[in-house]
Amino acid sequence: MASYGTIPTSSSPAGNPVNLEYISRAKERIKDGLATRRPWREMFNLHCFNLPSTSGAFSRVKTNLAFFRMNYAMIVLLILFLSLLWHPISLIVFIVMMAIWLFLYFLRDEPLVIFGRMITDRVVLIVLSLVTIVALLLTHATINILVALLVGVVVVLIHAAVRKTDDLYVDEEAAGGLLRSTAGGPSS
């Protein structure tokens with residue numbers, strides 16, 4: 001007896017469910033990884049910008065760097081990517097490094113452990129930044145890279161200084177220890 005219009009369920013090799021599981025896990029990791037990014041609308045809320053006082057600028061920068069760290073990393077990497085569009089070898093190296101960034105920083109769903117030691121996000125960010133810079137400098141696009149990094153750092157620092165922090169709720173543990181609570185606690 002023939003059954004027309006049905007979809008066969010077991011005609012593929014046994015490895016197919018594993019591939020689907022891998023794709024499904026990758027999608028979940030992408031969603032989870034991007035969940036640590038703050039909403040762009042919140043980052044660029046026009047009502048939250050004003051010039052800081054001289055004494056308040058450092059505090060704002062410190063708070064905003066902790067709160068928007070994933071967004072800031074994405075901005076610097078985008079600026080670096082755009083600067084390499086006319087350097088194909090550097091662009092290939094950058095794309096390879098971005099894949100490494102995706103797996104070790106952006107899409108990681110559990111803490112990174114090397115030789116039994118847990119590596120913090122801050123250490124991963126610093127090491128990946130340095131490795132990316134060194135790898136790109138070896139491609140002889142030094143001026144483009146340095147200018148792009150300088151522009152990226154300036155853009156991040158300007159945003160961090162002029163973005164008010166009154167509406168941000170930064171969890172000290174989630175900030176990786178970048179912030180120290182001074183209000184309401186005993187000073188030691």
# chains A, B, ... in the order shown; residues from 1 in each chain; ligands from 1

call {"tool": "residues_around", "arguments": {"residues": "region 41-55 of chain A", "least_positions_apart": "6", "cutoff": "9 Å", "atoms": "only C-alpha atoms", "output": "list in words"}}
result
Phe68, Asn71, His159, Ala161, Val162, Arg163, Lys164, Thr165, Asp166 and Asp167 of chain A

call {"tool": "residues_around", "arguments": {"residues": "Val96 (chain A)", "least_positions_apart": "5", "cutoff": "12 Å", "atoms": "only C-alpha atoms", "output": "PyMOL selection string"}}
result
chain A and resi 81+89-91+101-103+131-132+135-136

call {"tool": "residues_around", "arguments": {"residues": "Leu150 (chain A)", "least_positions_apart": "5", "cutoff": "12 Å", "atoms": "only C-alpha atoms", "output": "PyMOL selection string"}}
result
chain A and resi 76-77+79-80+83+143-145+155-157

call {"tool": "write_last_selection", "arguments": {"atoms": "N, CA, C and O atoms", "output": "short mmCIF file (atom, residue, chain, number, x, y, z; two decimals), in the first residue's frame"}}
result
data_model
loop_
_atom_site.label_atom_id
_atom_site.label_comp_id
_atom_site.auth_asym_id
_atom_site.auth_seq_id
_atom_site.Cartn_x
_atom_site.Cartn_y
_atom_site.Cartn_z
N VAL A 76 33.69 49.04 18.43
CA VAL A 76 35.11 49.10 18.08
C VAL A 76 35.42 48.08 16.98
O VAL A 76 36.14 48.39 16.03
N LEU A 77 34.85 46.88 17.08
CA LEU A 77 35.10 45.87 16.05
C LEU A 77 34.49 46.27 14.70
O LEU A 77 35.08 46.01 13.65
N ILE A 79 34.11 49.40 13.62
CA ILE A 79 34.99 50.45 13.08
C ILE A 79 36.25 49.83 12.51
O ILE A 79 36.72 50.21 11.43
N LEU A 80 36.81 48.85 13.20
CA LEU A 80 38.00 48.16 12.70
C LEU A 80 37.70 47.42 11.40
O LEU A 80 38.49 47.50 10.44
N SER A 83 37.51 49.80 8.50
CA SER A 83 38.81 50.33 8.10
C SER A 83 39.61 49.34 7.26
O SER A 83 40.55 49.73 6.57
N ILE A 143 48.81 51.39 9.94
CA ILE A 143 48.22 52.73 10.07
C ILE A 143 46.71 52.64 10.12
O ILE A 143 46.08 53.26 10.99
N ASN A 144 46.11 51.86 9.22
CA ASN A 144 44.64 51.71 9.24
C ASN A 144 44.16 51.16 10.57
O ASN A 144 43.16 51.62 11.12
N ILE A 145 44.84 50.16 11.08
CA ILE A 145 44.43 49.52 12.32
C ILE A 145 44.55 50.48 13.49
O ILE A 145 43.63 50.61 14.30
N VAL A 155 35.40 57.26 20.20
CA VAL A 155 33.93 57.18 20.11
C VAL A 155 33.35 56.59 21.39
O VAL A 155 32.39 57.12 21.97
N VAL A 156 33.95 55.51 21.88
CA VAL A 156 33.47 54.85 23.10
C VAL A 156 33.61 55.79 24.30
O VAL A 156 32.68 55.94 25.10
N LEU A 157 34.76 56.43 24.44
CA LEU A 157 34.98 57.32 25.59
C LEU A 157 34.07 58.54 25.56
O LEU A 157 33.56 58.96 26.60
#

call {"tool": "select_by_dssp", "arguments": {"residues": "region 32-160 of chain A", "states": "alpha helix (DSSP H)", "output": "NGL selection string"}}
result
:A and (32-35 or 40-43 or 56-67 or 69-83 or 88-101 or 121-137 or 142-160)

call {"tool": "write_last_selection", "arguments": {"atoms": "C-alpha atoms", "output": "compact mmCIF listing (two decimals), in the first residue's frame"}}
result
# COMPACT_ATOMS: atom_id res chain seq x y z
CA ASP A 32 22.14 33.94 24.74
CA GLY A 33 25.34 35.67 23.67
CA LEU A 34 23.52 38.62 22.20
CA ALA A 35 21.32 38.80 25.30
CA TRP A 40 20.82 50.03 21.25
CA ARG A 41 17.75 52.16 21.93
CA GLU A 42 18.75 52.36 25.59
CA MET A 43 22.35 53.15 24.68
CA GLY A 56 31.58 63.28 37.24
CA ALA A 57 33.07 62.38 33.87
CA PHE A 58 35.35 59.63 35.20
CA SER A 59 32.51 58.08 37.18
CA ARG A 60 30.24 58.11 34.12
CA VAL A 61 32.90 56.55 31.93
CA LYS A 62 33.53 53.80 34.49
CA THR A 63 29.81 53.02 34.90
CA ASN A 64 28.99 53.14 31.18
CA LEU A 65 32.01 50.99 30.25
CA ALA A 66 30.77 48.32 32.65
CA PHE A 67 27.13 48.59 31.60
CA ARG A 69 30.79 46.71 27.48
CA MET A 70 29.37 44.30 24.88
CA ASN A 71 27.97 47.16 22.81
CA TYR A 72 31.28 49.04 23.00
CA ALA A 73 33.21 45.95 21.89
CA MET A 74 30.87 45.59 18.92
CA ILE A 75 31.31 49.26 17.98
CA VAL A 76 35.11 49.10 18.08
CA LEU A 77 35.10 45.87 16.05
CA LEU A 78 32.74 47.40 13.46
CA ILE A 79 34.99 50.45 13.08
CA LEU A 80 38.00 48.16 12.70
CA PHE A 81 36.16 46.05 10.11
CA LEU A 82 35.21 49.12 8.07
CA SER A 83 38.81 50.33 8.10
CA PRO A 88 41.93 42.00 1.66
CA ILE A 89 44.57 40.00 3.59
CA SER A 90 43.88 41.99 6.74
CA LEU A 91 40.17 41.52 6.21
CA ILE A 92 40.57 37.73 5.99
CA VAL A 93 42.64 37.73 9.19
CA PHE A 94 40.01 39.93 10.82
CA ILE A 95 37.18 37.58 9.80
CA VAL A 96 39.08 34.61 11.25
CA MET A 97 39.65 36.58 14.46
CA MET A 98 35.95 37.50 14.55
CA ALA A 99 35.09 33.79 14.46
CA ILE A 100 37.39 33.31 17.44
CA TRP A 101 35.74 36.31 19.16
CA ASP A 121 35.27 38.11 30.70
CA ARG A 122 37.61 41.05 31.22
CA VAL A 123 40.69 38.84 30.75
CA VAL A 124 39.17 37.21 27.66
CA LEU A 125 38.38 40.67 26.24
CA ILE A 126 41.92 41.95 26.84
CA VAL A 127 43.65 38.83 25.49
CA LEU A 128 41.43 38.64 22.40
CA SER A 129 41.96 42.35 21.75
CA LEU A 130 45.73 41.99 21.95
CA VAL A 131 45.82 38.84 19.80
CA THR A 132 43.58 40.51 17.21
CA ILE A 133 45.75 43.61 17.09
CA VAL A 134 49.00 41.63 16.79
CA ALA A 135 47.56 39.35 14.08
CA LEU A 136 46.34 42.36 12.12
CA LEU A 137 49.58 44.27 12.54
CA THR A 142 49.35 49.15 10.70
CA ILE A 143 48.22 52.73 10.07
CA ASN A 144 44.64 51.71 9.24
CA ILE A 145 44.43 49.52 12.32
CA LEU A 146 45.89 52.08 14.70
CA VAL A 147 43.69 54.87 13.36
CA ALA A 148 40.59 52.64 13.53
CA LEU A 149 41.38 51.64 17.11
CA LEU A 150 42.01 55.26 18.07
CA VAL A 151 38.71 56.31 16.48
CA GLY A 152 36.91 53.43 18.20
CA VAL A 153 38.34 54.27 21.63
CA VAL A 154 37.52 57.98 21.18
CA VAL A 155 33.93 57.18 20.11
CA VAL A 156 33.47 54.85 23.10
CA LEU A 157 34.98 57.32 25.59
CA ILE A 158 32.91 60.23 24.27
CA HIS A 159 29.72 58.19 24.50
CA ALA A 160 30.64 56.90 27.95

call {"tool": "atom_distance", "arguments": {"atom1": "CA of Ile114 (chain A)", "atom2": "CA of Lys27 (chain A)"}}
result
25.0 Å

call {"tool": "select_by_dssp", "arguments": {"residues": "region 38-183 of chain A", "states": "strand (DSSP E)", "output": "ChimeraX atom specification"}}
result
/A:112-114,117-119
